[in-house]
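Asks: One structure, as structure tokens, below. Some questions next.
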Amino acid sequence: MPGAFVKENKKMLAKTALVKTNEGMLWEVKIARETSDYFICKGDWPRFEVHHMLELGDILIFYLIDKSTFHVVPYSKKPCTNIRHLEDLSSSEEEEKNTEFGTSRGCKKVKTEPKALSDTNFSKELHQSRIDRMSKAIKEIAFKKQQIQKPFEKGDEVEVASQEDGLIGSYYTATIISPIGSYLYRVKYKTLFSDDESVPLEDVVTASKVRPVPPDQRKILSENNFRLYDVVDVFANDGWWFGFINGIVGEELYVYFPTTADNIAYPPDVLRLHQEWSNGKWIFPPEQGIFN
């Protein structure tokens with residue numbers, strides 16, 4: 001961050017700042033000081049870089065719009081790396097439209113406004129394209145019957161997938177009471193109860209709706225935070241709901257549920273990474289290549 005900018009706006013800056021983009025997403029970043037220099041780094045900044053596919057030489061314009069809040073606009077993709085200076089961005093509107101970078105030999109001059117708009121649209125379209133592809137893949141998983149070849153016995157802890165309208169993509173923990181033939185199980189739910197909520201609900205379900213309980217992820221999640229586009233389950237309304245993270249604002253994770261078209265913010269402690277039971281083992285969906 002330019003020293004003159006820091007000196008003039010010191011009262012507006014804190015150790016933590018919010019970075020806002022035209023997509024409407026917010027990213028919490030850290031402002032770090034090394035000797036007399038200040039840098040925007042850490043926090044959500046690495047995720048911001050990945051989300052916008054930033055590379056060495058890419059240029060971003062930062063507008064300080066509120067206390068420790070920046071509106072960030074991409075200037076161009078792969079511009080000349082030998083930049084001498086940027087004209088004052090706090091000038092009048094007419095001057096802003098004509099702002100140009102000083103250029104080194106062999107580099108073309110470009111105006112700010114058209115490039116910023118073009119790259120912002122590109123980033124927004126890329127984000128929406130990924131959401132569309134992930135939504136389609138999750139719907140295909142949620143609506144298909146599970147290929148479970150593991151037989152369950154009395155007392156086994158399981159999860160039961162719902163195929164009812166409005167509940168597709170949700171899983172409920174239960175205990176096997178008894179197998180019924182080769183294709184049915186009587187189960188007792190742990191979080192669903194009778195109408196008067198006096199006793200746990202019991203039901204007979206097909207084998208294709210039953211799967212083992214996924215392994216405990218507390219160790220995995222203590223070492224790695226959730227990231228944008230992670231495929232997750234959220235514990236809400238008595239069950240685990242299948243979706244993916246499409247936004248991060250501070251400590252809140254916005255999860256989109258393709259089967260219900262809901263987009264809701266949650267704290268991290270009610271999320272887990274989604275896994276699928278395949279060929280006798282648990283796998284994460286990206287390993288199947290469907291989200292790449």
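Chain labels A, B, ... are given in the sequence in which chains occur in the structure tokens; within each chain residues are numbered consecutively from 1, and ligands are likewise numbered from 1 in the order shown.
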Dump as a Markdown table the rows for residues of stretch 145-210 of chain A within 7 Å of stretch 255-260 of chain A: closest atom pair and distance in Å with one decimal, only C-alpha atoms counted, ordered by chain and rising residue number.
Replies:
| residue | atom | partner | partner_atom | distance |
| --- | --- | --- | --- | --- |
| A:Gly166 | CA | A:Thr260 | CA | 6.5 |
| A:Ile168 | CA | A:Thr259 | CA | 6.4 |
| A:Gly169 | CA | A:Thr259 | CA | 6.4 |
Asks: Emit the selected residues as a PDB file, in the first residue's frame, including N, CA and C atoms.
Replies:
ATOM      1  N   GLY A 166     -39.068 -31.601  -1.770  1.00  0.00           N
ATOM      2  CA  GLY A 166     -38.674 -30.579  -0.804  1.00  0.00           C
ATOM      3  C   GLY A 166     -37.634 -31.041   0.181  1.00  0.00           C
ATOM      4  N   ILE A 168     -35.310 -33.688  -0.873  1.00  0.00           N
ATOM      5  CA  ILE A 168     -34.263 -34.387  -1.620  1.00  0.00           C
ATOM      6  C   ILE A 168     -32.922 -33.677  -1.399  1.00  0.00           C
ATOM      7  N   GLY A 169     -31.906 -34.475  -1.135  1.00  0.00           N
ATOM      8  CA  GLY A 169     -30.598 -33.914  -0.824  1.00  0.00           C
ATOM      9  C   GLY A 169     -30.336 -33.828   0.666  1.00  0.00           C
TER      10      GLY A 169
END
Asks: Can you tell me which residues surround A:Thr175 at a distance of at most 7 Å, considering only C-alpha atoms, apart from same-chain residues fewer than 2 positions away, and format the answer as a list in words?
Replies: Gly155, Asp156, Glu157, Val158, Ile177, Val187, Lys188 and Tyr189 of chain A
Asks: Name the residues in contact with A:Leu167 at a cut-off of 12 Å, using only C-alpha atoms, excluding same-chain residues fewer than 5 positions from it; report them as number ranges by chain.
Replies: A: 142-143, 160-162, 172, 236-242, 257-261
Asks: Next, dump the selected residues to file, keeping only C-alpha atoms, as a PDB file, in the first residue's frame.
Replies:
ATOM      1  CA  ALA A 142     -29.068 -36.253  -4.950  1.00  0.00           C
ATOM      2  CA  PHE A 143     -31.767 -37.580  -7.303  1.00  0.00           C
ATOM      3  CA  VAL A 160     -31.124 -42.369   5.440  1.00  0.00           C
ATOM      4  CA  ALA A 161     -31.523 -40.256   2.300  1.00  0.00           C
ATOM      5  CA  SER A 162     -34.896 -38.610   1.750  1.00  0.00           C
ATOM      6  CA  TYR A 172     -31.033 -38.300   8.590  1.00  0.00           C
ATOM      7  CA  ALA A 236     -30.181 -27.990   9.763  1.00  0.00           C
ATOM      8  CA  ASN A 237     -33.830 -28.932  10.318  1.00  0.00           C
ATOM      9  CA  ASP A 238     -32.876 -32.256  11.942  1.00  0.00           C
ATOM     10  CA  GLY A 239     -30.753 -33.541   9.052  1.00  0.00           C
ATOM     11  CA  TRP A 240     -27.686 -33.064   6.860  1.00  0.00           C
ATOM     12  CA  TRP A 241     -28.341 -31.065   3.681  1.00  0.00           C
ATOM     13  CA  PHE A 242     -26.204 -31.379   0.548  1.00  0.00           C
ATOM     14  CA  PHE A 257     -28.614 -25.954  -1.997  1.00  0.00           C
ATOM     15  CA  PRO A 258     -29.325 -26.868  -5.658  1.00  0.00           C
ATOM     16  CA  THR A 259     -32.250 -29.181  -4.832  1.00  0.00           C
ATOM     17  CA  THR A 260     -34.193 -26.434  -3.021  1.00  0.00           C
ATOM     18  CA  ALA A 261     -32.587 -23.306  -4.566  1.00  0.00           C
TER      19      ALA A 261
END
Asks: When DSSP works through the backbone of this structure, what residues of stretch 185-277 of chain A end up as helix (DSSP H, G or I), shown as a PDB file with N, CA and C atoms, in the first residue's frame?
Replies:
ATOM      1  N   ALA A 207     -33.299 -50.275   0.745  1.00  0.00           N
ATOM      2  CA  ALA A 207     -31.849 -50.361   0.936  1.00  0.00           C
ATOM      3  C   ALA A 207     -31.111 -49.263   0.180  1.00  0.00           C
ATOM      4  N   SER A 208     -31.674 -48.806  -0.942  1.00  0.00           N
ATOM      5  CA  SER A 208     -31.011 -47.783  -1.753  1.00  0.00           C
ATOM      6  C   SER A 208     -30.969 -46.420  -1.073  1.00  0.00           C
ATOM      7  N   LYS A 209     -31.755 -46.238   0.003  1.00  0.00           N
ATOM      8  CA  LYS A 209     -31.754 -44.966   0.734  1.00  0.00           C
ATOM      9  C   LYS A 209     -30.813 -44.976   1.934  1.00  0.00           C
ATOM     10  N   ARG A 218     -13.554 -33.998  12.360  1.00  0.00           N
ATOM     11  CA  ARG A 218     -13.058 -32.916  13.213  1.00  0.00           C
ATOM     12  C   ARG A 218     -11.560 -32.677  13.048  1.00  0.00           C
ATOM     13  N   LYS A 219     -10.779 -33.755  12.872  1.00  0.00           N
ATOM     14  CA  LYS A 219      -9.340 -33.588  12.701  1.00  0.00           C
ATOM     15  C   LYS A 219      -9.034 -32.902  11.373  1.00  0.00           C
ATOM     16  N   ILE A 220      -9.735 -33.313  10.307  1.00  0.00           N
ATOM     17  CA  ILE A 220      -9.517 -32.710   8.993  1.00  0.00           C
ATOM     18  C   ILE A 220      -9.844 -31.223   9.026  1.00  0.00           C
ATOM     19  N   LEU A 221     -10.997 -30.881   9.634  1.00  0.00           N
ATOM     20  CA  LEU A 221     -11.461 -29.501   9.613  1.00  0.00           C
ATOM     21  C   LEU A 221     -10.695 -28.606  10.574  1.00  0.00           C
ATOM     22  N   SER A 222     -10.030 -29.209  11.581  1.00  0.00           N
ATOM     23  CA  SER A 222      -9.223 -28.397  12.483  1.00  0.00           C
ATOM     24  C   SER A 222      -7.939 -27.942  11.812  1.00  0.00           C
ATOM     25  N   GLU A 223      -7.524 -28.669  10.774  1.00  0.00           N
ATOM     26  CA  GLU A 223      -6.286 -28.343  10.071  1.00  0.00           C
ATOM     27  C   GLU A 223      -6.536 -27.528   8.805  1.00  0.00           C
ATOM     28  N   PRO A 268     -19.303 -22.129  10.642  1.00  0.00           N
ATOM     29  CA  PRO A 268     -18.578 -23.325  10.187  1.00  0.00           C
ATOM     30  C   PRO A 268     -18.871 -24.587  10.991  1.00  0.00           C
ATOM     31  N   ASP A 269     -19.277 -24.436  12.270  1.00  0.00           N
ATOM     32  CA  ASP A 269     -19.407 -25.622  13.114  1.00  0.00           C
ATOM     33  C   ASP A 269     -20.608 -26.505  12.778  1.00  0.00           C
ATOM     34  N   VAL A 270     -21.468 -26.089  11.852  1.00  0.00           N
ATOM     35  CA  VAL A 270     -22.585 -26.957  11.459  1.00  0.00           C
ATOM     36  C   VAL A 270     -22.360 -27.544  10.066  1.00  0.00           C
TER      37      VAL A 270
END
Asks: If you count only C-alpha atoms, which residues fall within 7 Å of stretch 5-18 of chain A, apart from same-chain ones fewer than 2 positions away, as JSON, numbers by chain?
Replies: {"A": [1, 2, 3, 20, 26, 27, 28, 29, 30, 31, 32, 67, 68, 69, 70]}
Asks: Could the residues in this selection be saved with all heavy atoms as a compact mmCIF listing (two decimals), in the first residue's frame?
Replies:
# COMPACT_ATOMS: atom_id res chain seq x y z
N MET A 1 0.86 -1.18 0.00
CA MET A 1 0.00 0.00 0.00
C MET A 1 0.90 1.23 0.00
O MET A 1 1.84 1.31 0.80
CB MET A 1 -0.91 0.00 1.23
CG MET A 1 -1.84 -1.20 1.30
SD MET A 1 -2.78 -1.29 2.85
CE MET A 1 -3.83 0.13 2.68
N PRO A 2 0.65 2.20 -0.88
CA PRO A 2 1.48 3.39 -0.95
C PRO A 2 1.56 4.11 0.39
O PRO A 2 0.55 4.27 1.09
CB PRO A 2 0.76 4.26 -1.99
CG PRO A 2 -0.02 3.29 -2.81
CD PRO A 2 -0.44 2.21 -1.87
N GLY A 3 2.77 4.55 0.76
CA GLY A 3 2.97 5.21 2.04
C GLY A 3 2.13 6.45 2.21
O GLY A 3 1.57 6.71 3.28
N LYS A 20 -14.42 -5.76 -1.24
CA LYS A 20 -15.71 -5.96 -1.90
C LYS A 20 -15.50 -5.92 -3.41
O LYS A 20 -14.72 -5.13 -3.92
CB LYS A 20 -16.67 -4.85 -1.48
CG LYS A 20 -18.06 -4.93 -2.10
CD LYS A 20 -18.92 -3.77 -1.63
CE LYS A 20 -20.31 -3.82 -2.25
NZ LYS A 20 -21.14 -2.68 -1.82
N LEU A 26 -17.92 -10.38 -0.26
CA LEU A 26 -17.01 -9.71 0.66
C LEU A 26 -15.94 -10.69 1.11
O LEU A 26 -16.21 -11.87 1.36
CB LEU A 26 -17.77 -9.18 1.88
CG LEU A 26 -18.71 -8.00 1.63
CD1 LEU A 26 -19.51 -7.71 2.88
CD2 LEU A 26 -17.93 -6.77 1.22
N TRP A 27 -14.71 -10.20 1.24
CA TRP A 27 -13.58 -11.03 1.65
C TRP A 27 -12.86 -10.31 2.80
O TRP A 27 -12.53 -9.14 2.69
CB TRP A 27 -12.61 -11.23 0.48
CG TRP A 27 -13.28 -11.67 -0.77
CD1 TRP A 27 -14.00 -10.89 -1.63
CD2 TRP A 27 -13.30 -12.98 -1.33
NE1 TRP A 27 -14.47 -11.64 -2.68
CE2 TRP A 27 -14.05 -12.93 -2.52
CE3 TRP A 27 -12.75 -14.21 -0.95
CZ2 TRP A 27 -14.27 -14.03 -3.33
CZ3 TRP A 27 -12.96 -15.31 -1.75
CH2 TRP A 27 -13.72 -15.22 -2.92
N GLU A 28 -12.64 -11.02 3.89
CA GLU A 28 -11.96 -10.43 5.04
C GLU A 28 -10.46 -10.68 4.94
O GLU A 28 -10.01 -11.83 4.94
CB GLU A 28 -12.51 -11.04 6.34
CG GLU A 28 -12.04 -10.31 7.58
CD GLU A 28 -12.70 -10.86 8.84
OE1 GLU A 28 -12.33 -11.98 9.26
OE2 GLU A 28 -13.60 -10.19 9.37
N VAL A 29 -9.68 -9.61 4.84
CA VAL A 29 -8.24 -9.72 4.65
C VAL A 29 -7.52 -9.02 5.80
O VAL A 29 -8.13 -8.30 6.59
CB VAL A 29 -7.79 -9.12 3.31
CG1 VAL A 29 -8.46 -9.85 2.14
CG2 VAL A 29 -8.13 -7.63 3.25
N LYS A 30 -6.22 -9.24 5.90
CA LYS A 30 -5.41 -8.63 6.93
C LYS A 30 -4.50 -7.56 6.34
O LYS A 30 -3.99 -7.72 5.23
CB LYS A 30 -4.55 -9.69 7.64
CG LYS A 30 -5.34 -10.86 8.22
CD LYS A 30 -6.24 -10.42 9.35
CE LYS A 30 -6.97 -11.63 9.96
NZ LYS A 30 -7.91 -11.23 11.02
N ILE A 31 -4.31 -6.48 7.07
CA ILE A 31 -3.35 -5.45 6.69
C ILE A 31 -2.14 -5.61 7.61
O ILE A 31 -2.25 -5.42 8.83
CB ILE A 31 -3.93 -4.03 6.81
CG1 ILE A 31 -5.12 -3.88 5.85
CG2 ILE A 31 -2.88 -2.98 6.51
CD1 ILE A 31 -5.81 -2.52 5.93
N ALA A 32 -1.02 -5.98 7.04
CA ALA A 32 0.18 -6.25 7.83
C ALA A 32 1.23 -5.17 7.59
O ALA A 32 1.31 -4.60 6.49
CB ALA A 32 0.75 -7.62 7.47
N LYS A 67 -14.65 2.75 6.28
CA LYS A 67 -13.59 2.38 7.21
C LYS A 67 -13.14 0.94 6.97
O LYS A 67 -13.91 -0.01 7.15
CB LYS A 67 -14.06 2.55 8.65
CG LYS A 67 -12.95 2.31 9.67
CD LYS A 67 -13.41 2.62 11.08
CE LYS A 67 -12.27 2.41 12.06
NZ LYS A 67 -12.67 2.71 13.44
N SER A 68 -11.90 0.81 6.53
CA SER A 68 -11.30 -0.50 6.26
C SER A 68 -12.13 -1.35 5.30
O SER A 68 -12.19 -2.57 5.41
CB SER A 68 -11.07 -1.28 7.57
OG SER A 68 -10.04 -0.66 8.31
N THR A 69 -12.80 -0.71 4.36
CA THR A 69 -13.55 -1.42 3.32
C THR A 69 -13.11 -0.91 1.96
O THR A 69 -13.16 0.29 1.69
CB THR A 69 -15.06 -1.20 3.48
OG1 THR A 69 -15.47 -1.66 4.77
CG2 THR A 69 -15.83 -1.99 2.42
N PHE A 70 -12.67 -1.83 1.11
CA PHE A 70 -12.19 -1.48 -0.22
C PHE A 70 -13.09 -2.08 -1.28
O PHE A 70 -13.54 -3.22 -1.15
CB PHE A 70 -10.76 -2.02 -0.44
CG PHE A 70 -9.72 -1.39 0.41
CD1 PHE A 70 -9.39 -1.92 1.65
CD2 PHE A 70 -9.04 -0.26 -0.02
CE1 PHE A 70 -8.42 -1.34 2.44
CE2 PHE A 70 -8.06 0.33 0.76
CZ PHE A 70 -7.74 -0.21 2.00
Asks: Given the choices A:Gly247, A:Gly280, A:Pro74, A:Gly43, which gets closest to A:Glu55 if the distance is worked out from only C-alpha atoms?
Replies: A:Pro74
Asks: Out of A:Lys150, A:Ser129, A:Ser178, A:Lys144, which residue has the shortest atom-to-atom distance to A:Asn279 when counting only C-alpha atoms?
Replies: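 Among the listed residues, the smallest separation from A:Asn279 belongs to A:Lys150.
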Asks: Which distance in Å separates atom CA of A:Met134 and atom CA of A:His274, to one decimal?
Replies: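 Atom CA of A:His274 lies 13.1 Å from atom CA of A:Met134.
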Asks: In Å, with one decimal, what is the gap from atom CA of A:Ser170 to atom CA of A:Lys136?
Replies: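 Taking atom CA of A:Ser170 as the start and atom CA of A:Lys136 as the end point, the length is 16.4 Å.
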Asks: Rounded to one decimal place, report the atom CA of A:Phe62-atom CA of A:Gly250 distance in Å.
Replies: 19.4 Å
Asks: For each of A:Glu164, A:Glu159, A:Phe193, A:Val73, take the minimum atom-to-atom distance to A:Pro215, counting only C-alpha atoms, then give the residue where this is smallest.
Replies: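 Among the listed residues, the smallest separation from A:Pro215 belongs to A:Glu159.
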Asks: Please identify all polymer residues within 10 Å of A:Pro267, counting only C-alpha atoms, omitting same-chain residues fewer than 2 positions from it, and present them as a list in words.
Replies: Val234, Gly250, Glu251, Glu252, Leu253, Tyr254, Ala265, Asp269, Val270 and Leu271 of chain A
Asks: Now that the selection is made, can you save its residues with N, CA, C and O atoms as a PDB file, in the first residue's frame?
Replies:
ATOM      1  N   VAL A 234     -24.766 -29.500   5.475  1.00  0.00           N
ATOM      2  CA  VAL A 234     -25.080 -28.591   6.570  1.00  0.00           C
ATOM      3  C   VAL A 234     -26.108 -29.250   7.476  1.00  0.00           C
ATOM      4  O   VAL A 234     -27.130 -29.762   7.005  1.00  0.00           O
ATOM      5  N   GLY A 250     -16.812 -12.842   6.411  1.00  0.00           N
ATOM      6  CA  GLY A 250     -16.343 -12.958   7.783  1.00  0.00           C
ATOM      7  C   GLY A 250     -16.320 -14.412   8.208  1.00  0.00           C
ATOM      8  O   GLY A 250     -15.711 -15.256   7.557  1.00  0.00           O
ATOM      9  N   GLU A 251     -17.017 -14.731   9.294  1.00  0.00           N
ATOM     10  CA  GLU A 251     -17.078 -16.101   9.800  1.00  0.00           C
ATOM     11  C   GLU A 251     -18.256 -16.883   9.226  1.00  0.00           C
ATOM     12  O   GLU A 251     -18.423 -18.067   9.529  1.00  0.00           O
ATOM     13  N   GLU A 252     -19.080 -16.227   8.422  1.00  0.00           N
ATOM     14  CA  GLU A 252     -20.266 -16.896   7.884  1.00  0.00           C
ATOM     15  C   GLU A 252     -19.981 -17.487   6.506  1.00  0.00           C
ATOM     16  O   GLU A 252     -19.336 -16.860   5.664  1.00  0.00           O
ATOM     17  N   LEU A 253     -20.486 -18.692   6.312  1.00  0.00           N
ATOM     18  CA  LEU A 253     -20.328 -19.394   5.040  1.00  0.00           C
ATOM     19  C   LEU A 253     -21.694 -19.472   4.363  1.00  0.00           C
ATOM     20  O   LEU A 253     -22.641 -20.018   4.934  1.00  0.00           O
ATOM     21  N   TYR A 254     -21.790 -18.935   3.159  1.00  0.00           N
ATOM     22  CA  TYR A 254     -23.051 -18.994   2.421  1.00  0.00           C
ATOM     23  C   TYR A 254     -23.093 -20.292   1.615  1.00  0.00           C
ATOM     24  O   TYR A 254     -22.208 -20.548   0.796  1.00  0.00           O
ATOM     25  N   ALA A 265     -26.719 -18.464   5.045  1.00  0.00           N
ATOM     26  CA  ALA A 265     -25.447 -18.316   5.762  1.00  0.00           C
ATOM     27  C   ALA A 265     -25.445 -19.177   7.022  1.00  0.00           C
ATOM     28  O   ALA A 265     -26.443 -19.240   7.743  1.00  0.00           O
ATOM     29  N   ASP A 269     -19.277 -24.436  12.270  1.00  0.00           N
ATOM     30  CA  ASP A 269     -19.407 -25.622  13.114  1.00  0.00           C
ATOM     31  C   ASP A 269     -20.608 -26.505  12.778  1.00  0.00           C
ATOM     32  O   ASP A 269     -20.755 -27.597  13.358  1.00  0.00           O
ATOM     33  N   VAL A 270     -21.468 -26.089  11.852  1.00  0.00           N
ATOM     34  CA  VAL A 270     -22.585 -26.957  11.459  1.00  0.00           C
ATOM     35  C   VAL A 270     -22.360 -27.544  10.066  1.00  0.00           C
ATOM     36  O   VAL A 270     -23.275 -28.128   9.480  1.00  0.00           O
ATOM     37  N   LEU A 271     -21.145 -27.392   9.545  1.00  0.00           N
ATOM     38  CA  LEU A 271     -20.821 -27.917   8.217  1.00  0.00           C
ATOM     39  C   LEU A 271     -19.864 -29.104   8.313  1.00  0.00           C
ATOM     40  O   LEU A 271     -19.088 -29.221   9.261  1.00  0.00           O
TER      41      LEU A 271
END
